[in-house]
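For reference, protein-v2.txt is printed below; it contains compact mmCIF, N, CA and C atoms.
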```
# COMPACT_ATOMS: atom_id res chain seq x y z
N THR A 1 -22.53 -11.76 16.38
CA THR A 1 -23.40 -10.62 16.72
C THR A 1 -24.47 -10.38 15.66
N ASN A 2 -24.43 -11.15 14.58
CA ASN A 2 -25.39 -11.01 13.49
C ASN A 2 -25.29 -9.67 12.76
N GLN A 3 -24.13 -9.04 12.82
CA GLN A 3 -23.91 -7.80 12.11
C GLN A 3 -22.44 -7.67 11.73
N VAL A 4 -22.17 -6.85 10.76
CA VAL A 4 -20.79 -6.62 10.34
C VAL A 4 -20.25 -5.44 11.13
N ASP A 5 -19.15 -5.67 11.80
CA ASP A 5 -18.52 -4.65 12.62
C ASP A 5 -17.81 -3.63 11.74
N THR A 6 -17.75 -2.40 12.20
CA THR A 6 -17.06 -1.33 11.46
C THR A 6 -15.59 -1.69 11.24
N ALA A 7 -14.97 -2.32 12.23
CA ALA A 7 -13.56 -2.70 12.08
C ALA A 7 -13.37 -3.65 10.91
N ALA A 8 -14.30 -4.59 10.73
CA ALA A 8 -14.20 -5.53 9.61
C ALA A 8 -14.28 -4.80 8.28
N ILE A 9 -15.14 -3.82 8.19
CA ILE A 9 -15.26 -3.03 6.95
C ILE A 9 -13.98 -2.24 6.70
N ILE A 10 -13.45 -1.62 7.75
CA ILE A 10 -12.20 -0.85 7.61
C ILE A 10 -11.06 -1.77 7.19
N LEU A 11 -10.95 -2.94 7.81
CA LEU A 11 -9.89 -3.89 7.44
C LEU A 11 -10.03 -4.33 5.99
N PHE A 12 -11.24 -4.58 5.54
CA PHE A 12 -11.48 -4.93 4.15
C PHE A 12 -11.00 -3.81 3.23
N ILE A 13 -11.37 -2.58 3.56
CA ILE A 13 -10.96 -1.42 2.75
C ILE A 13 -9.44 -1.29 2.72
N ILE A 14 -8.80 -1.46 3.88
CA ILE A 14 -7.34 -1.34 3.96
C ILE A 14 -6.68 -2.35 3.02
N LEU A 15 -7.14 -3.60 3.07
CA LEU A 15 -6.51 -4.64 2.26
C LEU A 15 -6.78 -4.45 0.77
N VAL A 16 -7.96 -3.98 0.42
CA VAL A 16 -8.26 -3.71 -0.99
C VAL A 16 -7.38 -2.57 -1.50
N ILE A 17 -7.27 -1.53 -0.71
CA ILE A 17 -6.44 -0.38 -1.11
C ILE A 17 -4.97 -0.78 -1.17
N TRP A 18 -4.49 -1.56 -0.19
CA TRP A 18 -3.07 -1.97 -0.17
C TRP A 18 -2.68 -2.72 -1.43
N GLN A 19 -3.57 -3.57 -1.91
CA GLN A 19 -3.18 -4.43 -3.03
C GLN A 19 -2.92 -3.67 -4.32
N MET A 20 -3.52 -2.51 -4.49
CA MET A 20 -3.34 -1.77 -5.75
C MET A 20 -1.90 -1.29 -5.96
N PRO A 21 -1.30 -0.54 -5.01
CA PRO A 21 0.11 -0.16 -5.25
C PRO A 21 1.03 -1.37 -5.28
N HIS A 22 0.69 -2.40 -4.54
CA HIS A 22 1.48 -3.63 -4.53
C HIS A 22 1.48 -4.26 -5.93
N PHE A 23 0.32 -4.42 -6.52
CA PHE A 23 0.24 -5.05 -7.84
C PHE A 23 0.71 -4.13 -8.96
N TYR A 24 0.51 -2.82 -8.81
CA TYR A 24 1.05 -1.90 -9.81
C TYR A 24 2.58 -1.95 -9.79
N ALA A 25 3.17 -2.10 -8.61
CA ALA A 25 4.63 -2.23 -8.52
C ALA A 25 5.10 -3.49 -9.24
N ILE A 26 4.38 -4.58 -9.05
CA ILE A 26 4.71 -5.82 -9.77
C ILE A 26 4.63 -5.58 -11.28
N ALA A 27 3.57 -4.92 -11.71
CA ALA A 27 3.39 -4.65 -13.14
C ALA A 27 4.52 -3.79 -13.69
N LEU A 28 5.04 -2.88 -12.88
CA LEU A 28 6.14 -2.02 -13.33
C LEU A 28 7.46 -2.77 -13.44
N PHE A 29 7.79 -3.58 -12.43
CA PHE A 29 9.09 -4.23 -12.53
C PHE A 29 9.05 -5.50 -13.38
N ARG A 30 7.89 -5.95 -13.75
CA ARG A 30 7.74 -7.07 -14.70
C ARG A 30 7.12 -6.61 -16.02
N LEU A 31 7.33 -5.35 -16.35
CA LEU A 31 6.70 -4.74 -17.51
C LEU A 31 7.00 -5.49 -18.81
N LYS A 32 8.23 -5.91 -18.99
CA LYS A 32 8.59 -6.64 -20.22
C LYS A 32 7.81 -7.94 -20.33
N ASP A 33 7.63 -8.62 -19.21
CA ASP A 33 6.88 -9.88 -19.21
C ASP A 33 5.42 -9.64 -19.58
N TYR A 34 4.82 -8.59 -19.02
CA TYR A 34 3.43 -8.29 -19.34
C TYR A 34 3.26 -7.87 -20.80
N LYS A 35 4.24 -7.11 -21.32
CA LYS A 35 4.19 -6.73 -22.73
C LYS A 35 4.30 -7.95 -23.63
N ALA A 36 5.22 -8.84 -23.30
CA ALA A 36 5.42 -10.06 -24.09
C ALA A 36 4.17 -10.94 -24.08
N ALA A 37 3.47 -10.95 -22.94
CA ALA A 37 2.25 -11.76 -22.83
C ALA A 37 1.02 -11.03 -23.35
N LYS A 38 1.22 -9.77 -23.74
CA LYS A 38 0.14 -8.92 -24.25
C LYS A 38 -1.00 -8.75 -23.23
N LEU A 39 -0.61 -8.60 -21.96
CA LEU A 39 -1.59 -8.35 -20.90
C LEU A 39 -1.69 -6.84 -20.68
N PRO A 40 -2.87 -6.29 -20.79
CA PRO A 40 -3.02 -4.82 -20.72
C PRO A 40 -3.06 -4.29 -19.28
N VAL A 41 -1.97 -4.45 -18.54
CA VAL A 41 -1.91 -3.87 -17.21
C VAL A 41 -1.79 -2.36 -17.32
N LEU A 42 -2.05 -1.66 -16.23
CA LEU A 42 -2.10 -0.19 -16.25
C LEU A 42 -0.86 0.47 -16.84
N PRO A 43 0.36 0.05 -16.48
CA PRO A 43 1.53 0.73 -17.07
C PRO A 43 1.58 0.60 -18.59
N ILE A 44 1.04 -0.47 -19.13
CA ILE A 44 1.03 -0.65 -20.59
C ILE A 44 -0.11 0.14 -21.21
N SER A 45 -1.28 0.07 -20.61
CA SER A 45 -2.44 0.71 -21.23
C SER A 45 -2.49 2.22 -21.01
N LYS A 46 -1.99 2.70 -19.87
CA LYS A 46 -2.08 4.13 -19.56
C LYS A 46 -0.75 4.83 -19.37
N GLY A 47 0.34 4.07 -19.28
CA GLY A 47 1.66 4.68 -19.16
C GLY A 47 2.22 4.65 -17.75
N LEU A 48 3.52 4.91 -17.67
CA LEU A 48 4.23 4.84 -16.40
C LEU A 48 3.83 5.95 -15.43
N LEU A 49 3.73 7.17 -15.92
CA LEU A 49 3.40 8.29 -15.04
C LEU A 49 2.00 8.13 -14.46
N THR A 50 1.05 7.72 -15.27
CA THR A 50 -0.31 7.49 -14.78
C THR A 50 -0.31 6.41 -13.70
N THR A 51 0.46 5.36 -13.92
CA THR A 51 0.55 4.28 -12.93
C THR A 51 1.14 4.79 -11.63
N LYS A 52 2.19 5.59 -11.72
CA LYS A 52 2.82 6.13 -10.52
C LYS A 52 1.87 7.06 -9.78
N ARG A 53 1.10 7.85 -10.51
CA ARG A 53 0.11 8.73 -9.87
C ARG A 53 -0.96 7.90 -9.16
N GLN A 54 -1.39 6.83 -9.79
CA GLN A 54 -2.36 5.94 -9.16
C GLN A 54 -1.79 5.32 -7.89
N ILE A 55 -0.53 4.93 -7.94
CA ILE A 55 0.12 4.38 -6.75
C ILE A 55 0.10 5.41 -5.63
N LEU A 56 0.42 6.65 -5.94
CA LEU A 56 0.42 7.71 -4.93
C LEU A 56 -0.97 7.86 -4.31
N ILE A 57 -2.00 7.88 -5.13
CA ILE A 57 -3.37 8.01 -4.62
C ILE A 57 -3.70 6.85 -3.67
N TYR A 58 -3.37 5.64 -4.09
CA TYR A 58 -3.69 4.48 -3.25
C TYR A 58 -2.87 4.45 -1.96
N VAL A 59 -1.63 4.90 -2.01
CA VAL A 59 -0.80 4.92 -0.80
C VAL A 59 -1.35 5.95 0.20
N VAL A 60 -1.78 7.09 -0.30
CA VAL A 60 -2.40 8.09 0.58
C VAL A 60 -3.69 7.54 1.18
N LEU A 61 -4.50 6.87 0.37
CA LEU A 61 -5.73 6.26 0.87
C LEU A 61 -5.43 5.15 1.87
N PHE A 62 -4.36 4.40 1.64
CA PHE A 62 -3.96 3.36 2.58
C PHE A 62 -3.64 3.98 3.94
N LEU A 63 -2.85 5.04 3.94
CA LEU A 63 -2.51 5.71 5.19
C LEU A 63 -3.77 6.21 5.89
N ALA A 64 -4.65 6.85 5.15
CA ALA A 64 -5.89 7.36 5.75
C ALA A 64 -6.74 6.24 6.34
N SER A 65 -6.82 5.14 5.63
CA SER A 65 -7.66 4.04 6.12
C SER A 65 -7.04 3.37 7.34
N THR A 66 -5.70 3.27 7.39
CA THR A 66 -5.09 2.68 8.58
C THR A 66 -5.26 3.60 9.79
N ILE A 67 -5.20 4.88 9.56
CA ILE A 67 -5.44 5.85 10.64
C ILE A 67 -6.87 5.75 11.15
N SER A 68 -7.80 5.44 10.27
CA SER A 68 -9.21 5.37 10.68
C SER A 68 -9.45 4.30 11.75
N LEU A 69 -8.63 3.28 11.82
CA LEU A 69 -8.79 2.29 12.89
C LEU A 69 -8.60 2.95 14.26
N LYS A 70 -7.67 3.87 14.36
CA LYS A 70 -7.48 4.62 15.60
C LYS A 70 -8.64 5.58 15.83
N LEU A 71 -9.07 6.25 14.78
CA LEU A 71 -10.16 7.22 14.93
C LEU A 71 -11.45 6.57 15.41
N PHE A 72 -11.67 5.31 15.03
CA PHE A 72 -12.86 4.59 15.47
C PHE A 72 -12.63 3.84 16.79
N GLY A 73 -11.45 3.99 17.38
CA GLY A 73 -11.17 3.43 18.69
C GLY A 73 -10.76 1.97 18.72
N TYR A 74 -10.31 1.44 17.58
CA TYR A 74 -9.92 0.03 17.54
C TYR A 74 -8.45 -0.21 17.86
N THR A 75 -7.65 0.82 17.79
CA THR A 75 -6.21 0.68 18.05
C THR A 75 -5.75 1.80 18.97
N GLY A 76 -4.51 1.68 19.40
CA GLY A 76 -3.96 2.67 20.32
C GLY A 76 -3.00 3.64 19.67
N ASN A 77 -2.37 4.44 20.50
CA ASN A 77 -1.47 5.49 20.02
C ASN A 77 -0.18 4.94 19.42
N ILE A 78 0.34 3.85 19.97
CA ILE A 78 1.58 3.28 19.44
C ILE A 78 1.35 2.80 18.01
N TYR A 79 0.22 2.11 17.79
CA TYR A 79 -0.16 1.70 16.43
C TYR A 79 -0.22 2.92 15.52
N LEU A 80 -0.88 3.96 15.98
CA LEU A 80 -1.07 5.16 15.17
C LEU A 80 0.27 5.78 14.77
N VAL A 81 1.17 5.94 15.73
CA VAL A 81 2.46 6.57 15.46
C VAL A 81 3.26 5.74 14.45
N ILE A 82 3.30 4.42 14.67
CA ILE A 82 4.07 3.56 13.77
C ILE A 82 3.48 3.57 12.36
N MET A 83 2.16 3.51 12.25
CA MET A 83 1.54 3.50 10.92
C MET A 83 1.69 4.85 10.22
N ILE A 84 1.67 5.93 10.96
CA ILE A 84 1.90 7.24 10.34
C ILE A 84 3.33 7.33 9.81
N ILE A 85 4.29 6.88 10.59
CA ILE A 85 5.69 6.90 10.15
C ILE A 85 5.87 6.04 8.90
N LEU A 86 5.34 4.80 8.95
CA LEU A 86 5.46 3.91 7.79
C LEU A 86 4.70 4.45 6.58
N GLY A 87 3.52 5.00 6.82
CA GLY A 87 2.71 5.53 5.72
C GLY A 87 3.38 6.72 5.03
N PHE A 88 3.91 7.64 5.82
CA PHE A 88 4.59 8.79 5.22
C PHE A 88 5.89 8.38 4.54
N THR A 89 6.56 7.38 5.09
CA THR A 89 7.75 6.85 4.42
C THR A 89 7.37 6.30 3.05
N TRP A 90 6.27 5.57 2.99
CA TRP A 90 5.80 5.01 1.72
C TRP A 90 5.45 6.12 0.74
N ILE A 91 4.81 7.17 1.22
CA ILE A 91 4.47 8.31 0.36
C ILE A 91 5.74 8.95 -0.18
N ILE A 92 6.75 9.10 0.65
CA ILE A 92 8.02 9.69 0.21
C ILE A 92 8.66 8.82 -0.87
N ILE A 93 8.63 7.51 -0.67
CA ILE A 93 9.17 6.59 -1.70
C ILE A 93 8.43 6.77 -3.02
N VAL A 94 7.13 6.90 -2.95
CA VAL A 94 6.33 7.09 -4.18
C VAL A 94 6.70 8.41 -4.84
N ILE A 95 6.76 9.48 -4.07
CA ILE A 95 7.05 10.80 -4.63
C ILE A 95 8.43 10.81 -5.29
N LYS A 96 9.41 10.17 -4.65
CA LYS A 96 10.75 10.08 -5.26
C LYS A 96 10.69 9.30 -6.57
N GLY A 97 9.81 8.34 -6.64
CA GLY A 97 9.69 7.52 -7.84
C GLY A 97 9.00 8.21 -9.00
N LEU A 98 8.28 9.28 -8.72
CA LEU A 98 7.57 9.98 -9.81
C LEU A 98 8.53 10.49 -10.87
N GLY A 99 9.73 10.87 -10.46
CA GLY A 99 10.68 11.42 -11.41
C GLY A 99 11.83 10.50 -11.78
N THR A 100 11.82 9.29 -11.26
CA THR A 100 12.95 8.40 -11.53
C THR A 100 12.92 7.86 -12.96
N LYS A 101 14.11 7.60 -13.45
CA LYS A 101 14.23 6.95 -14.76
C LYS A 101 14.43 5.44 -14.60
N ASP A 102 14.87 5.04 -13.39
CA ASP A 102 15.10 3.63 -13.11
C ASP A 102 13.83 3.02 -12.49
N ASN A 103 12.84 2.84 -13.33
CA ASN A 103 11.54 2.38 -12.85
C ASN A 103 11.57 0.97 -12.28
N LYS A 104 12.40 0.12 -12.83
CA LYS A 104 12.44 -1.27 -12.36
C LYS A 104 12.95 -1.34 -10.92
N THR A 105 14.04 -0.64 -10.62
CA THR A 105 14.59 -0.64 -9.26
C THR A 105 13.59 -0.02 -8.29
N TRP A 106 13.00 1.10 -8.69
CA TRP A 106 12.02 1.77 -7.84
C TRP A 106 10.81 0.88 -7.60
N ALA A 107 10.33 0.21 -8.63
CA ALA A 107 9.17 -0.67 -8.49
C ALA A 107 9.46 -1.85 -7.56
N LYS A 108 10.69 -2.37 -7.62
CA LYS A 108 11.08 -3.46 -6.70
C LYS A 108 11.08 -2.95 -5.26
N LEU A 109 11.57 -1.73 -5.05
CA LEU A 109 11.54 -1.12 -3.72
C LEU A 109 10.10 -0.96 -3.25
N MET A 110 9.25 -0.47 -4.14
CA MET A 110 7.82 -0.31 -3.80
C MET A 110 7.20 -1.65 -3.42
N PHE A 111 7.50 -2.67 -4.18
CA PHE A 111 6.97 -4.01 -3.92
C PHE A 111 7.42 -4.51 -2.54
N ARG A 112 8.71 -4.41 -2.28
CA ARG A 112 9.24 -4.87 -0.99
C ARG A 112 8.65 -4.06 0.17
N TYR A 113 8.56 -2.75 -0.03
CA TYR A 113 8.02 -1.92 1.05
C TYR A 113 6.55 -2.24 1.30
N SER A 114 5.80 -2.55 0.26
CA SER A 114 4.39 -2.90 0.45
C SER A 114 4.26 -4.16 1.30
N LEU A 115 5.17 -5.11 1.12
CA LEU A 115 5.16 -6.33 1.93
C LEU A 115 5.53 -6.02 3.38
N ILE A 116 6.52 -5.17 3.56
CA ILE A 116 6.95 -4.80 4.91
C ILE A 116 5.83 -4.08 5.65
N ILE A 117 5.20 -3.12 4.99
CA ILE A 117 4.17 -2.34 5.68
C ILE A 117 2.96 -3.21 6.02
N LEU A 118 2.63 -4.16 5.16
CA LEU A 118 1.52 -5.06 5.46
C LEU A 118 1.87 -5.99 6.63
N LEU A 119 3.11 -6.46 6.66
CA LEU A 119 3.56 -7.30 7.77
C LEU A 119 3.51 -6.54 9.09
N VAL A 120 4.07 -5.35 9.11
CA VAL A 120 4.08 -4.55 10.34
C VAL A 120 2.65 -4.22 10.76
N PHE A 121 1.81 -3.84 9.81
CA PHE A 121 0.40 -3.57 10.09
C PHE A 121 -0.27 -4.77 10.75
N SER A 122 -0.05 -5.95 10.20
CA SER A 122 -0.66 -7.17 10.73
C SER A 122 -0.14 -7.49 12.13
N VAL A 123 1.15 -7.33 12.33
CA VAL A 123 1.74 -7.59 13.65
C VAL A 123 1.19 -6.58 14.67
N LEU A 124 1.13 -5.32 14.28
CA LEU A 124 0.59 -4.31 15.19
C LEU A 124 -0.84 -4.61 15.59
N LEU A 125 -1.65 -5.05 14.65
CA LEU A 125 -3.03 -5.41 15.00
C LEU A 125 -3.05 -6.61 15.92
N SER A 126 -2.14 -7.55 15.70
CA SER A 126 -2.10 -8.76 16.52
C SER A 126 -1.70 -8.47 17.96
N ILE A 127 -0.80 -7.52 18.15
CA ILE A 127 -0.33 -7.22 19.50
C ILE A 127 -0.93 -5.92 20.06
N ASN A 128 -1.92 -5.38 19.38
CA ASN A 128 -2.51 -4.10 19.76
C ASN A 128 -2.94 -4.06 21.23
N SER A 129 -3.57 -5.10 21.72
CA SER A 129 -4.04 -5.09 23.10
C SER A 129 -2.89 -5.02 24.10
N TRP A 130 -1.71 -5.49 23.73
CA TRP A 130 -0.56 -5.43 24.61
C TRP A 130 0.12 -4.06 24.56
N LEU A 131 -0.15 -3.30 23.48
CA LEU A 131 0.52 -1.99 23.32
C LEU A 131 -0.14 -0.88 24.11
N ALA A 132 -1.36 -1.08 24.52
CA ALA A 132 -2.12 0.01 25.16
C ALA A 132 -1.61 0.40 26.51
```

Rewrite the coordinates I just gave you, this time as structure tokens.
Amino acid sequence: TNQVDTAAIILFIILVIWQMPHFYAIALFRLKDYKAAKLPVLPISKGLLTTKRQILIYVVLFLASTISLKLFGYTGNIYLVIMIILGFTWIIIVIKGLGTKDNKTWAKLMFRYSLIILLVFSVLLSINSWLA
């Protein structure tokens, strides 16, 4: 069409936003490795609480951006309901992690959940036309 579709821009934004909590989770559960390698990832340079707050911001933005696909008419109601449930579940996981002392276990959960939500998101987009 010789133009960039709004859906392509939204998908780009979704994937950019998704990767931040995903990689911050990796940095948290591999913190000792990053310290040993002297790599200044966010948990090392700014601390654990700052990293967790950043994760919360990005997870909220992820949910908002996935919802925007429905608002722009690219997906249906089933997609919307499932992504809202998954998105709020992710937010709850993050909020519970803000006060945890077992950061490694929580970060592994965050990492796994980020993979699950991306997989479900991708499958929902793939079968979206059948869900309507």

With only N, CA and C atoms as the atoms that count, which of A:Ile91, A:Ala25, A:Ile127, A:Ile84 lies nearest to Arg112 (chain A)?
-> A:Ala25

What's the 10 Å shell around region 54-71 of chain A, counting only C-alpha atoms, without same-chain residues fewer than 6 positions away, as an MDAnalysis selection string?
-> chainID A and resid 6:7 10:25 42 48 77:81 83:88 90:95 97:98 110 114 121 125

Do a neighbour search on region 28-33 of chain A at 6 Å with all atoms listed in the file, toss out local chain neighbours closer than 2 positions, and write the hits as an MDAnalysis selection string.
-> chainID A and resid 23:26 35:38 103:104 107:108

Using only C-alpha atoms, find the one residue out of A:Thr100, A:Leu131, A:Thr89, A:Gly76 that sits nearest to Ile117 (chain A).
->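 Result for the nearest residue to Ile117 (chain A): A:Thr89.
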
What is the CA of Tyr34 (chain A)-CA of Lys101 (chain A) distance in Å, reported with one decimal?
->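 One can read the CA of Tyr34 (chain A) to CA of Lys101 (chain A) distance as 19.2 Å.
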
Draw an axis-aligned box tight on the listed atoms of region 42-54 of chain A, then pad every side by 6 Å and write out centre and edge lengths in Å to one decimal as AutoDock Vina command-line options.
```
--center_x 0.9 --center_y 3.5 --center_z -14.6 --size_x 18.7 --size_y 22.4 --size_z 25.3
```

Pick out each residue of region 13-103 of chain A that DSSP on the backbone tags as alpha helix (DSSP H); I need them as a PyMOL selection string.
-> chain A and resi 13-29+31-36+42-45+48-71+77-98+103

CA of Tyr74 (chain A) and atom C of Ser129 (chain A), how far apart in Å?
->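 Atom C of Ser129 (chain A) sits 10.9 Å away from CA of Tyr74 (chain A).
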
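Taking all atoms listed in the file into account, Ile82 (chain A) lies nearest to A:Val120 out of the set A:Val120, A:Leu109, A:Leu115, A:Ala8.
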
Could you check how far atom C of Leu39 (chain A) sits from atom C of Lys96 (chain A), in Å to one decimal?
-> 24.8 Å

N, CA, C and O atoms are what I want for region 67-80 of chain A; can you complete it accordingly and write them as an mmCIF file, in the coordinates of the input?
```cif
data_model
loop_
_atom_site.group_PDB
_atom_site.id
_atom_site.type_symbol
_atom_site.label_atom_id
_atom_site.label_comp_id
_atom_site.auth_asym_id
_atom_site.auth_seq_id
_atom_site.Cartn_x
_atom_site.Cartn_y
_atom_site.Cartn_z
ATOM 1 N N ILE A 67 -5.200 4.880 9.560
ATOM 2 C CA ILE A 67 -5.440 5.850 10.640
ATOM 3 C C ILE A 67 -6.870 5.750 11.150
ATOM 4 O O ILE A 67 -7.140 5.946 12.341
ATOM 5 N N SER A 68 -7.800 5.440 10.270
ATOM 6 C CA SER A 68 -9.210 5.370 10.680
ATOM 7 C C SER A 68 -9.450 4.300 11.750
ATOM 8 O O SER A 68 -10.394 4.440 12.546
ATOM 9 N N LEU A 69 -8.630 3.280 11.820
ATOM 10 C CA LEU A 69 -8.790 2.290 12.890
ATOM 11 C C LEU A 69 -8.600 2.950 14.260
ATOM 12 O O LEU A 69 -9.307 2.614 15.215
ATOM 13 N N LYS A 70 -7.670 3.870 14.360
ATOM 14 C CA LYS A 70 -7.480 4.620 15.600
ATOM 15 C C LYS A 70 -8.640 5.580 15.830
ATOM 16 O O LYS A 70 -9.157 5.694 16.942
ATOM 17 N N LEU A 71 -9.070 6.250 14.780
ATOM 18 C CA LEU A 71 -10.160 7.220 14.930
ATOM 19 C C LEU A 71 -11.450 6.570 15.410
ATOM 20 O O LEU A 71 -12.245 7.202 16.118
ATOM 21 N N PHE A 72 -11.670 5.310 15.030
ATOM 22 C CA PHE A 72 -12.860 4.590 15.470
ATOM 23 C C PHE A 72 -12.630 3.840 16.790
ATOM 24 O O PHE A 72 -13.505 3.104 17.256
ATOM 25 N N GLY A 73 -11.450 3.990 17.380
ATOM 26 C CA GLY A 73 -11.170 3.430 18.690
ATOM 27 C C GLY A 73 -10.760 1.970 18.720
ATOM 28 O O GLY A 73 -10.804 1.338 19.769
ATOM 29 N N TYR A 74 -10.310 1.440 17.580
ATOM 30 C CA TYR A 74 -9.920 0.030 17.540
ATOM 31 C C TYR A 74 -8.450 -0.210 17.860
ATOM 32 O O TYR A 74 -8.056 -1.335 18.122
ATOM 33 N N THR A 75 -7.650 0.820 17.790
ATOM 34 C CA THR A 75 -6.210 0.680 18.050
ATOM 35 C C THR A 75 -5.750 1.800 18.970
ATOM 36 O O THR A 75 -6.491 2.760 19.225
ATOM 37 N N GLY A 76 -4.510 1.680 19.400
ATOM 38 C CA GLY A 76 -3.960 2.670 20.320
ATOM 39 C C GLY A 76 -3.000 3.640 19.670
ATOM 40 O O GLY A 76 -2.812 3.648 18.438
ATOM 41 N N ASN A 77 -2.370 4.440 20.500
ATOM 42 C CA ASN A 77 -1.470 5.490 20.020
ATOM 43 C C ASN A 77 -0.180 4.940 19.420
ATOM 44 O O ASN A 77 0.354 5.519 18.476
ATOM 45 N N ILE A 78 0.340 3.850 19.970
ATOM 46 C CA ILE A 78 1.580 3.280 19.440
ATOM 47 C C ILE A 78 1.350 2.800 18.010
ATOM 48 O O ILE A 78 2.150 3.069 17.110
ATOM 49 N N TYR A 79 0.220 2.110 17.790
ATOM 50 C CA TYR A 79 -0.160 1.700 16.430
ATOM 51 C C TYR A 79 -0.220 2.920 15.520
ATOM 52 O O TYR A 79 0.332 2.912 14.417
ATOM 53 N N LEU A 80 -0.880 3.960 15.980
ATOM 54 C CA LEU A 80 -1.070 5.160 15.170
ATOM 55 C C LEU A 80 0.270 5.780 14.770
ATOM 56 O O LEU A 80 0.495 6.079 13.599
#
```
